[in-house]
>>> print(open('final.txt').read())   # compact mmCIF, C-alpha atoms and all ligand atoms
# COMPACT_ATOMS: atom_id res chain seq x y z
CA MET A 1 -203.95 29.18 7.70
CA PRO A 2 -207.54 30.47 7.38
CA VAL A 3 -208.12 33.85 9.01
CA GLY A 4 -210.32 33.37 12.08
CA MET A 5 -213.16 35.58 13.25
CA THR A 6 -211.55 38.41 15.22
CA LEU A 7 -213.43 40.17 17.99
CA THR A 8 -213.19 43.42 16.02
CA LYS A 9 -214.81 41.82 12.98
CA PHE A 10 -217.44 40.13 15.15
CA LEU A 11 -218.34 43.47 16.77
CA HIS A 12 -218.67 45.18 13.40
CA GLU A 13 -220.91 42.40 12.08
CA GLU A 14 -223.08 42.65 15.21
CA GLN A 15 -223.34 46.40 14.74
CA ARG A 16 -224.48 45.97 11.11
CA ARG A 17 -227.49 44.01 12.38
CA TYR A 18 -228.72 47.35 13.75
CA PRO A 19 -228.54 49.81 10.83
CA SER A 20 -229.65 52.73 13.01
CA SER A 21 -226.81 52.14 15.47
CA SER A 22 -224.49 55.10 15.99
CA GLY A 23 -221.48 52.84 16.50
CA SER A 24 -220.96 54.27 19.98
CA PHE A 25 -221.31 50.89 21.72
CA THR A 26 -218.87 49.24 19.30
CA ALA A 27 -216.36 52.04 19.90
CA LEU A 28 -216.82 51.75 23.67
CA PHE A 29 -216.29 48.01 23.49
CA SER A 30 -213.17 48.49 21.38
CA ASP A 31 -211.67 50.68 24.15
CA LEU A 32 -212.56 47.96 26.63
CA VAL A 33 -210.72 45.39 24.50
CA ILE A 34 -207.62 47.58 24.57
CA ALA A 35 -207.85 47.81 28.38
CA ALA A 36 -208.18 44.01 28.46
CA LYS A 37 -205.03 43.53 26.38
CA ILE A 38 -203.01 45.95 28.52
CA ILE A 39 -204.15 44.39 31.80
CA SER A 40 -203.50 40.93 30.37
CA SER A 41 -199.94 41.88 29.53
CA GLN A 42 -199.45 43.34 33.03
CA VAL A 43 -200.80 40.16 34.63
CA ARG A 44 -198.62 37.95 32.41
CA ARG A 45 -195.49 39.83 33.60
CA ALA A 46 -196.60 40.10 37.23
CA GLY A 47 -193.69 38.17 38.71
CA LEU A 48 -191.11 40.29 36.87
CA GLY A 49 -192.00 43.94 37.21
CA GLY A 50 -191.98 44.43 40.99
CA ILE A 51 -195.77 44.60 40.89
CA LEU A 52 -196.61 41.65 43.11
CA GLY A 53 -197.64 42.19 46.70
CA ALA A 54 -199.81 44.55 48.70
CA ALA A 55 -200.11 48.22 47.88
CA GLY A 56 -200.29 49.05 51.59
CA THR A 57 -203.86 50.39 51.48
CA GLN A 58 -207.36 49.02 52.02
CA ASN A 59 -210.28 49.32 49.62
CA VAL A 60 -213.84 50.42 50.34
CA HIS A 61 -214.63 46.87 51.58
CA GLY A 62 -211.76 46.95 54.10
CA GLU A 63 -209.75 44.45 52.05
CA GLU A 64 -206.03 44.77 51.37
CA VAL A 65 -205.40 46.28 47.94
CA GLN A 66 -202.77 44.56 45.80
CA LYS A 67 -200.42 46.56 43.56
CA LEU A 68 -201.81 44.78 40.52
CA ASP A 69 -205.37 45.68 41.63
CA GLU A 70 -204.36 49.33 41.53
CA LEU A 71 -202.59 49.01 38.21
CA ALA A 72 -205.57 47.23 36.61
CA ASN A 73 -207.99 49.79 38.06
CA ASP A 74 -205.94 52.69 36.77
CA THR A 75 -205.42 51.12 33.35
CA PHE A 76 -209.13 50.47 32.97
CA ILE A 77 -210.09 54.06 33.83
CA ARG A 78 -207.34 55.69 31.73
CA THR A 79 -208.18 53.55 28.70
CA MET A 80 -211.95 54.04 28.90
CA GLU A 81 -212.38 57.69 29.92
CA HIS A 82 -211.33 59.58 26.81
CA GLY A 83 -213.48 57.85 24.13
CA GLY A 84 -216.58 59.98 24.58
CA HIS A 85 -218.87 56.96 25.02
CA LEU A 86 -219.13 56.92 28.82
CA SER A 87 -220.68 59.41 31.17
CA ALA A 88 -219.24 57.80 34.32
CA MET A 89 -217.74 54.62 35.73
CA ALA A 90 -217.83 52.76 39.03
CA SER A 91 -215.12 50.44 40.29
CA GLU A 92 -215.24 47.82 43.01
CA GLU A 93 -212.02 49.38 44.29
CA MET A 94 -213.30 52.95 44.63
CA ASP A 95 -215.74 54.52 47.10
CA ASP A 96 -217.58 56.82 44.72
CA ILE A 97 -218.48 56.89 41.06
CA ILE A 98 -215.77 58.12 38.69
CA HIS A 99 -216.84 61.11 36.62
CA VAL A 100 -215.34 61.42 33.18
CA ASP A 101 -212.85 64.29 33.15
CA SER A 102 -214.41 67.49 31.83
CA LYS A 103 -211.80 67.67 29.07
CA TYR A 104 -213.42 64.62 27.42
CA PRO A 105 -216.89 64.44 25.84
CA LYS A 106 -219.54 62.44 27.70
CA GLY A 107 -221.44 59.53 26.19
CA ASN A 108 -224.58 57.46 26.65
CA TYR A 109 -223.26 54.62 28.76
CA VAL A 110 -222.00 53.91 32.27
CA ILE A 111 -219.75 51.01 33.14
CA MET A 112 -219.15 49.14 36.39
CA PHE A 113 -216.15 46.91 36.83
CA ASP A 114 -214.13 44.74 39.17
CA PRO A 115 -210.64 45.46 37.80
CA LEU A 116 -209.01 42.31 39.13
CA ASP A 117 -211.30 39.72 40.62
CA GLY A 118 -209.62 37.07 42.77
CA SER A 119 -206.89 39.40 43.99
CA SER A 120 -205.88 37.07 46.82
CA ASN A 121 -204.68 34.73 44.05
CA ILE A 122 -202.43 37.23 42.25
CA ASP A 123 -199.25 36.51 44.19
CA VAL A 124 -199.59 32.74 43.82
CA ASN A 125 -200.02 32.69 40.05
CA ILE A 126 -203.63 31.49 40.00
CA SER A 127 -206.17 32.74 37.44
CA VAL A 128 -207.71 36.16 38.03
CA GLY A 129 -210.00 38.26 35.84
CA THR A 130 -211.71 41.57 35.08
CA ILE A 131 -215.53 41.69 35.23
CA PHE A 132 -217.64 44.45 33.66
CA SER A 133 -221.26 45.52 33.34
CA ILE A 134 -222.59 48.24 31.01
CA LEU A 135 -225.82 50.22 31.38
CA LYS A 136 -227.38 53.04 29.40
CA ALA A 137 -226.84 56.31 31.23
CA GLY A 138 -229.87 58.23 32.49
CA LYS A 139 -231.23 61.11 30.47
CA GLY A 140 -230.35 63.87 32.97
CA SER A 141 -227.33 66.09 32.32
CA GLU A 142 -225.60 65.25 35.61
CA VAL A 143 -224.66 61.60 36.23
CA THR A 144 -225.25 60.49 39.79
CA VAL A 145 -225.00 57.23 41.66
CA LYS A 146 -228.67 56.64 40.79
CA ASP A 147 -227.62 55.96 37.19
CA PHE A 148 -225.82 52.86 38.50
CA LEU A 149 -228.48 51.59 40.89
CA LYS A 150 -230.46 49.66 38.29
CA PRO A 151 -231.53 46.03 38.48
CA GLY A 152 -229.37 43.63 36.47
CA VAL A 153 -232.12 43.09 33.88
CA GLU A 154 -231.28 46.56 32.56
CA GLN A 155 -227.69 45.69 31.63
CA VAL A 156 -226.99 46.16 27.92
CA CYS A 157 -223.75 44.21 28.04
CA ALA A 158 -221.77 42.19 30.57
CA GLY A 159 -218.61 40.18 30.39
CA TYR A 160 -215.27 39.24 31.81
CA ILE A 161 -211.69 38.77 30.80
CA LEU A 162 -210.10 35.72 32.37
CA TYR A 163 -206.31 35.68 32.68
CA GLY A 164 -205.98 31.90 32.82
CA SER A 165 -203.94 29.38 30.87
CA SER A 166 -204.86 31.71 28.02
CA THR A 167 -206.55 35.10 28.14
CA MET A 168 -210.22 34.91 27.23
CA LEU A 169 -212.91 37.53 26.84
CA VAL A 170 -216.48 36.29 27.32
CA TYR A 171 -219.45 38.62 26.86
CA THR A 172 -223.13 38.98 26.13
CA THR A 173 -225.28 41.81 24.82
CA GLY A 174 -228.42 39.77 25.34
CA HIS A 175 -227.97 37.72 22.15
CA GLY A 176 -226.15 34.68 23.48
CA VAL A 177 -222.73 34.38 25.06
CA HIS A 178 -219.53 34.37 23.02
CA GLY A 179 -215.96 33.65 24.05
CA PHE A 180 -212.79 34.94 22.39
CA THR A 181 -209.23 33.83 23.06
CA LEU A 182 -206.30 36.25 22.85
CA ASP A 183 -203.63 35.14 20.41
CA PRO A 184 -200.58 36.81 21.96
CA SER A 185 -198.56 36.44 18.77
CA VAL A 186 -200.90 38.81 16.89
CA GLY A 187 -202.37 40.69 19.84
CA GLU A 188 -205.96 40.01 18.78
CA PHE A 189 -208.89 38.12 20.29
CA PHE A 190 -210.31 35.34 18.06
CA LEU A 191 -213.71 33.72 18.38
CA SER A 192 -213.06 30.39 20.08
CA HIS A 193 -216.35 29.66 21.89
CA GLU A 194 -219.39 30.66 19.84
CA ASN A 195 -222.80 30.70 21.49
CA ILE A 196 -221.79 29.11 24.79
CA ARG A 197 -224.52 27.00 26.45
CA ILE A 198 -224.14 25.84 30.03
CA PRO A 199 -225.17 22.19 30.58
CA GLU A 200 -228.64 21.90 32.11
CA LYS A 201 -227.08 20.02 35.05
CA GLY A 202 -223.43 19.53 35.97
CA LYS A 203 -221.16 17.51 38.21
CA ILE A 204 -219.35 20.37 39.93
CA PHE A 205 -220.20 22.20 43.13
CA SER A 206 -218.09 25.16 44.18
CA ILE A 207 -218.23 26.62 47.67
CA ASN A 208 -215.76 27.67 50.36
CA GLU A 209 -216.25 24.81 52.84
CA GLY A 210 -214.06 26.65 55.33
CA ASN A 211 -217.16 28.71 56.05
CA SER A 212 -219.27 25.66 56.95
CA ARG A 213 -219.22 26.56 60.65
CA HIS A 214 -221.14 29.74 59.74
CA TRP A 215 -223.57 28.16 57.27
CA LEU A 216 -227.34 28.40 57.56
CA PRO A 217 -229.32 25.12 57.54
CA GLY A 218 -230.21 25.35 53.82
CA THR A 219 -226.58 25.48 52.74
CA SER A 220 -225.57 22.68 55.12
CA SER A 221 -228.28 20.31 53.94
CA TYR A 222 -227.65 21.02 50.25
CA ILE A 223 -223.91 20.40 50.60
CA GLU A 224 -224.63 17.25 52.63
CA LYS A 225 -226.86 16.10 49.76
CA VAL A 226 -224.27 16.71 47.02
CA LYS A 227 -221.66 14.82 49.05
CA SER A 228 -223.91 11.90 49.96
CA ASN A 229 -223.83 8.36 48.53
CA GLY A 230 -225.29 8.26 45.05
CA SER A 231 -224.42 11.86 44.25
CA GLU A 232 -222.20 12.30 41.22
CA LYS A 233 -221.01 15.74 42.25
CA THR A 234 -217.38 16.65 42.81
CA ALA A 235 -215.90 19.79 44.41
CA ARG A 236 -213.89 22.46 42.58
CA TYR A 237 -213.08 25.86 44.14
CA VAL A 238 -210.34 28.19 42.93
CA GLY A 239 -211.26 31.23 45.05
CA SER A 240 -211.38 33.56 42.03
CA LEU A 241 -215.07 33.93 41.20
CA VAL A 242 -214.36 34.62 37.55
CA ALA A 243 -212.34 31.39 37.20
CA ASP A 244 -214.80 29.28 39.18
CA PHE A 245 -217.65 30.72 37.14
CA HIS A 246 -215.95 30.18 33.78
CA ARG A 247 -215.17 26.53 34.53
CA ASN A 248 -218.74 25.86 35.62
CA LEU A 249 -220.12 27.73 32.58
CA LEU A 250 -218.25 25.38 30.26
CA ARG A 251 -218.52 22.17 32.29
CA GLY A 252 -221.82 22.63 34.15
CA GLY A 253 -222.38 22.83 37.88
CA VAL A 254 -223.16 25.29 40.62
CA PHE A 255 -221.18 27.98 42.45
CA LEU A 256 -222.44 29.14 45.84
CA TYR A 257 -221.43 32.08 48.02
CA PRO A 258 -224.48 32.15 50.25
CA ALA A 259 -225.45 34.41 53.10
CA ASP A 260 -224.30 32.87 56.37
CA LYS A 261 -224.25 33.65 60.07
CA LYS A 262 -221.12 35.76 59.66
CA SER A 263 -221.87 37.49 56.34
CA HIS A 264 -225.59 38.17 56.40
CA LYS A 265 -225.58 39.41 52.81
CA GLY A 266 -222.91 37.07 51.49
CA LYS A 267 -219.56 38.36 50.31
CA LEU A 268 -219.84 39.11 46.61
CA ARG A 269 -220.86 42.45 45.17
CA LEU A 270 -224.12 42.77 43.29
CA LEU A 271 -223.10 45.39 40.74
CA TYR A 272 -219.53 44.35 39.94
CA GLU A 273 -219.73 40.57 40.22
CA ALA A 274 -223.17 39.00 40.63
CA ASN A 275 -225.12 41.01 38.06
CA PRO A 276 -222.73 40.66 35.11
CA LEU A 277 -222.20 36.94 35.70
CA SER A 278 -225.95 36.40 36.18
CA PHE A 279 -226.68 38.10 32.85
CA ILE A 280 -224.12 35.84 31.17
CA VAL A 281 -225.34 32.64 32.83
CA GLU A 282 -228.98 33.32 31.92
CA GLN A 283 -227.98 34.06 28.33
CA ALA A 284 -226.18 30.70 28.30
CA GLY A 285 -229.29 28.88 29.56
CA GLY A 286 -228.39 28.79 33.26
CA ALA A 287 -229.74 30.56 36.34
CA ALA A 288 -228.66 32.79 39.21
CA SER A 289 -230.44 33.33 42.51
CA THR A 290 -229.83 35.05 45.83
CA GLY A 291 -231.64 32.12 47.45
CA ASP A 292 -234.75 34.28 47.69
CA GLU A 293 -235.03 35.78 44.23
CA ARG A 294 -233.55 36.01 40.76
CA VAL A 295 -230.34 38.05 41.03
CA LEU A 296 -231.18 40.16 37.96
CA ASP A 297 -234.40 41.40 39.61
CA VAL A 298 -232.71 42.83 42.71
CA VAL A 299 -233.03 46.60 42.87
CA PRO A 300 -229.73 47.85 44.30
CA GLY A 301 -229.80 50.27 47.22
CA GLU A 302 -226.12 51.15 47.17
CA LEU A 303 -223.09 50.97 44.91
CA HIS A 304 -221.12 48.40 46.88
CA GLN A 305 -224.05 46.24 47.95
CA ARG A 306 -223.24 42.61 48.66
CA THR A 307 -225.47 39.72 47.68
CA PRO A 308 -225.69 35.99 48.29
CA LEU A 309 -225.08 34.16 45.01
CA ILE A 310 -226.11 30.72 43.77
CA ILE A 311 -225.21 30.53 40.08
CA GLY A 312 -224.71 27.95 37.36
CA SER A 313 -226.62 25.16 35.61
CA LYS A 314 -230.36 25.71 35.80
CA ALA A 315 -231.34 22.38 37.38
CA ASP A 316 -228.51 22.63 39.93
CA VAL A 317 -229.42 26.17 40.95
CA GLU A 318 -233.08 25.21 41.27
CA GLU A 319 -232.19 22.23 43.43
CA ALA A 320 -229.88 24.28 45.68
CA VAL A 321 -232.48 27.02 46.08
CA SER A 322 -235.14 24.46 47.03
CA PHE A 323 -232.94 23.35 49.94
CA TRP A 324 -232.36 26.93 50.89
CA LYS A 325 -236.08 27.67 50.93
CA THR A 326 -237.19 24.63 52.91
CA ALA A 327 -234.33 24.24 55.37
CA SER A 328 -233.40 27.80 56.23
CA VAL A 329 -236.78 28.80 57.64
P1 LIG A 401 -212.08 40.22 45.17
O1 LIG A 401 -212.97 40.86 44.16
O2 LIG A 401 -211.55 41.21 46.16
O3 LIG A 401 -211.01 39.39 44.60
O4 LIG A 401 -213.00 39.25 46.11
C1 LIG A 401 -213.93 38.39 45.57
C2 LIG A 401 -213.43 36.98 45.62
C3 LIG A 401 -214.09 36.16 44.55
O5 LIG A 401 -213.32 36.17 43.39
C4 LIG A 401 -214.15 34.79 45.14
O6 LIG A 401 -215.22 34.02 44.66
C5 LIG A 401 -214.31 35.05 46.60
O7 LIG A 401 -213.79 36.35 46.82
C6 LIG A 401 -213.56 34.08 47.43
O8 LIG A 401 -213.82 34.35 48.75
P2 LIG A 401 -213.32 33.36 49.93
O9 LIG A 401 -211.85 33.54 50.01
O10 LIG A 401 -214.06 33.89 51.13
O11 LIG A 401 -213.73 31.98 49.56
MG MG A 402 -214.09 40.43 42.80
>>> encode(input="final.txt", output="structure tokens")
Amino acid sequence: MPVGMTLTKFLHEEQRRYPSSSGSFTALFSDLVIAAKIISSQVRRAGLGGILGAAGTQNVHGEEVQKLDELANDTFIRTMEHGGHLSAMASEEMDDIIHVDSKYPKGNYVIMFDPLDGSSNIDVNISVGTIFSILKAGKGSEVTVKDFLKPGVEQVCAGYILYGSSTMLVYTTGHGVHGFTLDPSVGEFFLSHENIRIPEKGKIFSINEGNSRHWLPGTSSYIEKVKSNGSEKTARYVGSLVADFHRNLLRGGVFLYPADKKSHKGKLRLLYEANPLSFIVEQAGGAASTGDERVLDVVPGELHQRTPLIIGSKADVEEAVSFWKTASV
């Protein structure tokens, strides 16, 4: 059997394209890959180890924390903190930024992550994932929350690990989007989806229609349009953003979690969810909008800021946004 392109090899080849590179990013990413493998193995055994169910606490967003959320969060931090490549981290599950322990050296990057996106799906064996976003740390000696409050255009890397029918890692550093599938028999990710391009237009629309009673006019008229006679669109909605996004990235289509009368800023988080996926979708030829502006241009005001999100195939996002703009005024 020919030896495939492993993620490790791919990262080293990428690094060689930049002869002046210190190798720090590659080393940071290698730690991240280890975290991904550990979390994947925890997720794969979830029904066996007494780790299903609620942890009995609420997170910063007032949502019930699942035991596996906690485990994934802890694994991510423990695996990433010691390498000397990060100066701080921020997790969707934690109120404040996480400073790297003083016993470890500090590095040039900060990372933001959603340790287990789609946590309401954990106990029912539906795909979940880890989403991450990496920025260069500021120049000052002390890292503060300001180092994280950068618009998405400043991300140097973004990606996700999807624990689906197989475990996949998809990422971009601004040079296209690449997908790797974990071969559990060797414990290594292999390149399976090189240079992913999202179709210009797709057949799928993904939205929680249970919220339709709260929708603003733009959302209602767009969804009416995609369901009307002559439309070729069909609905798909898992309820794990990372899974809904991945399907639409490969198949084409649009995912919407808009602002509505109940959630004035939408539900999803700008820094941990919307920004990394928007970076990926743009790199794959798609688009992402809040309804008012390009997601990647939003200047965050706070760590756990929510944002409306319309993301996917370029033509579909543009069409949805046009409804939003004309009908919601
Ligand atoms: P989580 O990060 O706590 O799992 O919450 C985010 C999830 C997304 O994965 C998903 O798109 C959305 O919430 C689903 O929300 P809803 O149940 O309101 O449709
Ligand atoms: Mg999430």
>>> closest_residue(input="final.txt", among="A:Ala46, A:Ala88, A:Ile280, A:Ala274", to="A:Val143", atoms="only C-alpha atoms")
A:Ala88
>>> closest_atom_pairs(input="final.txt", of="chain A", to="ligand LIG 401 (chain A)", cutoff="10 Å", atoms="only C-alpha atoms and all ligand atoms", output="tab-separated table")
residue	atom	partner	partner_atom	distance
A:Asn59	CA	A:LIG401	O2	8.9
A:His61	CA	A:LIG401	O2	8.4
A:Gly62	CA	A:LIG401	O2	9.8
A:Glu63	CA	A:LIG401	O2	7.0
A:Glu64	CA	A:LIG401	O2	8.4
A:Val65	CA	A:LIG401	O2	8.2
A:Gln66	CA	A:LIG401	O2	9.4
A:Asp69	CA	A:LIG401	O2	8.9
A:Glu92	CA	A:LIG401	O1	7.4
A:Glu93	CA	A:LIG401	O2	8.4
A:Asp114	CA	A:LIG401	O1	6.4
A:Pro115	CA	A:LIG401	O1	8.2
A:Leu116	CA	A:LIG401	O3	6.5
A:Asp117	CA	A:LIG401	O3	4.0
A:Gly118	CA	A:LIG401	O3	3.3
A:Ser119	CA	A:LIG401	O3	4.2
A:Ser120	CA	A:LIG401	O3	6.1
A:Asn121	CA	A:LIG401	O3	7.9
A:Ile122	CA	A:LIG401	O3	9.2
A:Ser127	CA	A:LIG401	O5	9.9
A:Val128	CA	A:LIG401	O5	7.8
A:Gly129	CA	A:LIG401	O5	8.5
A:Thr130	CA	A:LIG401	O1	9.2
A:Ile131	CA	A:LIG401	O1	9.3
A:Ser206	CA	A:LIG401	O6	9.3
A:Ile207	CA	A:LIG401	O11	7.2
A:Asn208	CA	A:LIG401	O11	4.8
A:Glu209	CA	A:LIG401	O11	8.3
A:Gly210	CA	A:LIG401	O11	7.9
A:Asn211	CA	A:LIG401	O10	7.8
A:Tyr237	CA	A:LIG401	O11	8.2
A:Val238	CA	A:LIG401	O6	7.8
A:Gly239	CA	A:LIG401	C6	4.4
A:Ser240	CA	A:LIG401	O5	3.5
A:Leu241	CA	A:LIG401	O6	3.5
A:Val242	CA	A:LIG401	O5	6.1
A:Ala243	CA	A:LIG401	O5	7.9
A:Asp244	CA	A:LIG401	O6	7.3
A:Phe245	CA	A:LIG401	O6	8.6
A:Phe255	CA	A:LIG401	O6	8.8
A:Leu256	CA	A:LIG401	O6	8.8
A:Tyr257	CA	A:LIG401	O6	7.3
A:Gly266	CA	A:LIG401	O10	9.4
A:Lys267	CA	A:LIG401	O7	7.0
A:Leu268	CA	A:LIG401	C1	6.0
A:Arg269	CA	A:LIG401	C1	8.0
A:Tyr272	CA	A:LIG401	O1	8.5
A:Glu273	CA	A:LIG401	O1	7.8
A:Leu309	CA	A:LIG401	O6	9.9
>>> write_last_selection(input="final.txt", atoms="C-alpha atoms", output="JSON list (two decimals), in the frame of the given file")
[["chain", "number", "residue", "atom", "x", "y", "z"],
["A", 59, "ASN", "CA", -210.28, 49.32, 49.62],
["A", 61, "HIS", "CA", -214.63, 46.87, 51.58],
["A", 62, "GLY", "CA", -211.76, 46.95, 54.10],
["A", 63, "GLU", "CA", -209.75, 44.45, 52.05],
["A", 64, "GLU", "CA", -206.03, 44.77, 51.37],
["A", 65, "VAL", "CA", -205.40, 46.28, 47.94],
["A", 66, "GLN", "CA", -202.77, 44.56, 45.80],
["A", 69, "ASP", "CA", -205.37, 45.68, 41.63],
["A", 92, "GLU", "CA", -215.24, 47.82, 43.01],
["A", 93, "GLU", "CA", -212.02, 49.38, 44.29],
["A", 114, "ASP", "CA", -214.13, 44.74, 39.17],
["A", 115, "PRO", "CA", -210.64, 45.46, 37.80],
["A", 116, "LEU", "CA", -209.01, 42.31, 39.13],
["A", 117, "ASP", "CA", -211.30, 39.72, 40.62],
["A", 118, "GLY", "CA", -209.62, 37.07, 42.77],
["A", 119, "SER", "CA", -206.89, 39.40, 43.99],
["A", 120, "SER", "CA", -205.88, 37.07, 46.82],
["A", 121, "ASN", "CA", -204.68, 34.73, 44.05],
["A", 122, "ILE", "CA", -202.43, 37.23, 42.25],
["A", 127, "SER", "CA", -206.17, 32.74, 37.44],
["A", 128, "VAL", "CA", -207.71, 36.16, 38.03],
["A", 129, "GLY", "CA", -210.00, 38.26, 35.84],
["A", 130, "THR", "CA", -211.71, 41.57, 35.08],
["A", 131, "ILE", "CA", -215.53, 41.69, 35.23],
["A", 206, "SER", "CA", -218.09, 25.16, 44.18],
["A", 207, "ILE", "CA", -218.23, 26.62, 47.67],
["A", 208, "ASN", "CA", -215.76, 27.67, 50.36],
["A", 209, "GLU", "CA", -216.25, 24.81, 52.84],
["A", 210, "GLY", "CA", -214.06, 26.65, 55.33],
["A", 211, "ASN", "CA", -217.16, 28.71, 56.05],
["A", 237, "TYR", "CA", -213.08, 25.86, 44.14],
["A", 238, "VAL", "CA", -210.34, 28.19, 42.93],
["A", 239, "GLY", "CA", -211.26, 31.23, 45.05],
["A", 240, "SER", "CA", -211.38, 33.56, 42.03],
["A", 241, "LEU", "CA", -215.07, 33.93, 41.20],
["A", 242, "VAL", "CA", -214.36, 34.62, 37.55],
["A", 243, "ALA", "CA", -212.34, 31.39, 37.20],
["A", 244, "ASP", "CA", -214.80, 29.28, 39.18],
["A", 245, "PHE", "CA", -217.65, 30.72, 37.14],
["A", 255, "PHE", "CA", -221.18, 27.98, 42.45],
["A", 256, "LEU", "CA", -222.44, 29.14, 45.84],
["A", 257, "TYR", "CA", -221.43, 32.08, 48.02],
["A", 266, "GLY", "CA", -222.91, 37.07, 51.49],
["A", 267, "LYS", "CA", -219.56, 38.36, 50.31],
["A", 268, "LEU", "CA", -219.84, 39.11, 46.61],
["A", 269, "ARG", "CA", -220.86, 42.45, 45.17],
["A", 272, "TYR", "CA", -219.53, 44.35, 39.94],
["A", 273, "GLU", "CA", -219.73, 40.57, 40.22],
["A", 309, "LEU", "CA", -225.08, 34.16, 45.01]]
>>> closest_residue(input="final.txt", among="A:Ile204, A:Ile198, A:Ala235, A:Val226", to="A:Glu282", atoms="all atoms listed in the file")
A:Ile198
>>> atom_distance(input="final.txt", atom1="atom CA of A:Ala36", atom2="atom CA of A:Glu14")
20.0 Å
>>> residues_around(input="final.txt", residues="stretch 183-195 of chain A", least_positions_apart="2", cutoff="12 Å", atoms="all atoms listed in the file", output="VMD selection string")
chain A and resid 3 to 11 30 33 to 34 36 to 38 40 to 41 44 161 165 to 181 197 to 198 246 249 to 250 280 to 281 283 to 285
>>> atom_distance(input="final.txt", atom1="atom CA of A:His85", atom2="atom CA of A:Asn108")
6.0 Å
>>> axis_aligned_box(input="final.txt", around="stretch 180-190 of chain A", padding_each_side="6 Å", output="lines of an AutoDock Vina configuration file")
center_x = -205.7
center_y = 37.3
center_z = 20.0
size_x = 26.2
size_y = 18.9
size_z = 18.2
>>> closest_residue(input="final.txt", among="A:Asn248, A:Ser91, A:Ser322, A:Thr219", to="ligand MG 402 (chain A)", atoms="only C-alpha atoms and all ligand atoms")
A:Ser91
>>> closest_residue(input="final.txt", among="A:Ser278, A:Ile311, A:Pro105, A:Leu270", to="ligand MG 402 (chain A)", atoms="only C-alpha atoms and all ligand atoms")
A:Leu270
>>> residues_around(input="final.txt", residues="stretch 24-26 of chain A", least_positions_apart="2", cutoff="10 Å", atoms="all atoms listed in the file", output="list in words")
Thr8, Leu11, His12, Glu14, Gln15, Ser21, Ser22, Leu28, Phe29, Ser30, Asp31, Leu32, Gly83, Gly84, His85, Leu86, Gly107, Asn108, Tyr109, Ile134, Val156 and Cys157 of chain A
>>> write_last_selection(input="final.txt", atoms="C-alpha atoms", output="mmCIF file, in the frame of the given file")
data_model
loop_
_atom_site.group_PDB
_atom_site.id
_atom_site.type_symbol
_atom_site.label_atom_id
_atom_site.label_comp_id
_atom_site.auth_asym_id
_atom_site.auth_seq_id
_atom_site.Cartn_x
_atom_site.Cartn_y
_atom_site.Cartn_z
ATOM 1 C CA THR A 8 -213.190 43.420 16.020
ATOM 2 C CA LEU A 11 -218.340 43.470 16.770
ATOM 3 C CA HIS A 12 -218.670 45.180 13.400
ATOM 4 C CA GLU A 14 -223.080 42.650 15.210
ATOM 5 C CA GLN A 15 -223.340 46.400 14.740
ATOM 6 C CA SER A 21 -226.810 52.140 15.470
ATOM 7 C CA SER A 22 -224.490 55.100 15.990
ATOM 8 C CA LEU A 28 -216.820 51.750 23.670
ATOM 9 C CA PHE A 29 -216.290 48.010 23.490
ATOM 10 C CA SER A 30 -213.170 48.490 21.380
ATOM 11 C CA ASP A 31 -211.670 50.680 24.150
ATOM 12 C CA LEU A 32 -212.560 47.960 26.630
ATOM 13 C CA GLY A 83 -213.480 57.850 24.130
ATOM 14 C CA GLY A 84 -216.580 59.980 24.580
ATOM 15 C CA HIS A 85 -218.870 56.960 25.020
ATOM 16 C CA LEU A 86 -219.130 56.920 28.820
ATOM 17 C CA GLY A 107 -221.440 59.530 26.190
ATOM 18 C CA ASN A 108 -224.580 57.460 26.650
ATOM 19 C CA TYR A 109 -223.260 54.620 28.760
ATOM 20 C CA ILE A 134 -222.590 48.240 31.010
ATOM 21 C CA VAL A 156 -226.990 46.160 27.920
ATOM 22 C CA CYS A 157 -223.750 44.210 28.040
#
>>> closest_residue(input="final.txt", among="A:Trp215, A:Tyr163, A:Phe148, A:Phe323", to="A:Val299", atoms="all atoms listed in the file")
A:Phe148
>>> atom_distance(input="final.txt", atom1="atom CA of A:Lys314", atom2="atom CA of A:Lys203")
12.6 Å
>>> closest_residue(input="final.txt", among="A:Phe132, A:Glu142, A:Leu182, A:Ser228", to="ligand MG 402 (chain A)", atoms="only C-alpha atoms and all ligand atoms")
A:Phe132
>>> residues_around(input="final.txt", residues="A:Lys150", least_positions_apart="3", cutoff="9 Å", atoms="all atoms listed in the file", output="VMD selection string")
chain A and resid 135 146 to 147 153 to 155 271 298 to 301
>>> residues_around(input="final.txt", residues="A:Ala90", least_positions_apart="6", cutoff="6 Å", atoms="all atoms listed in the file", output="list in words")
Ile97, Ile98 and Met112 of chain A
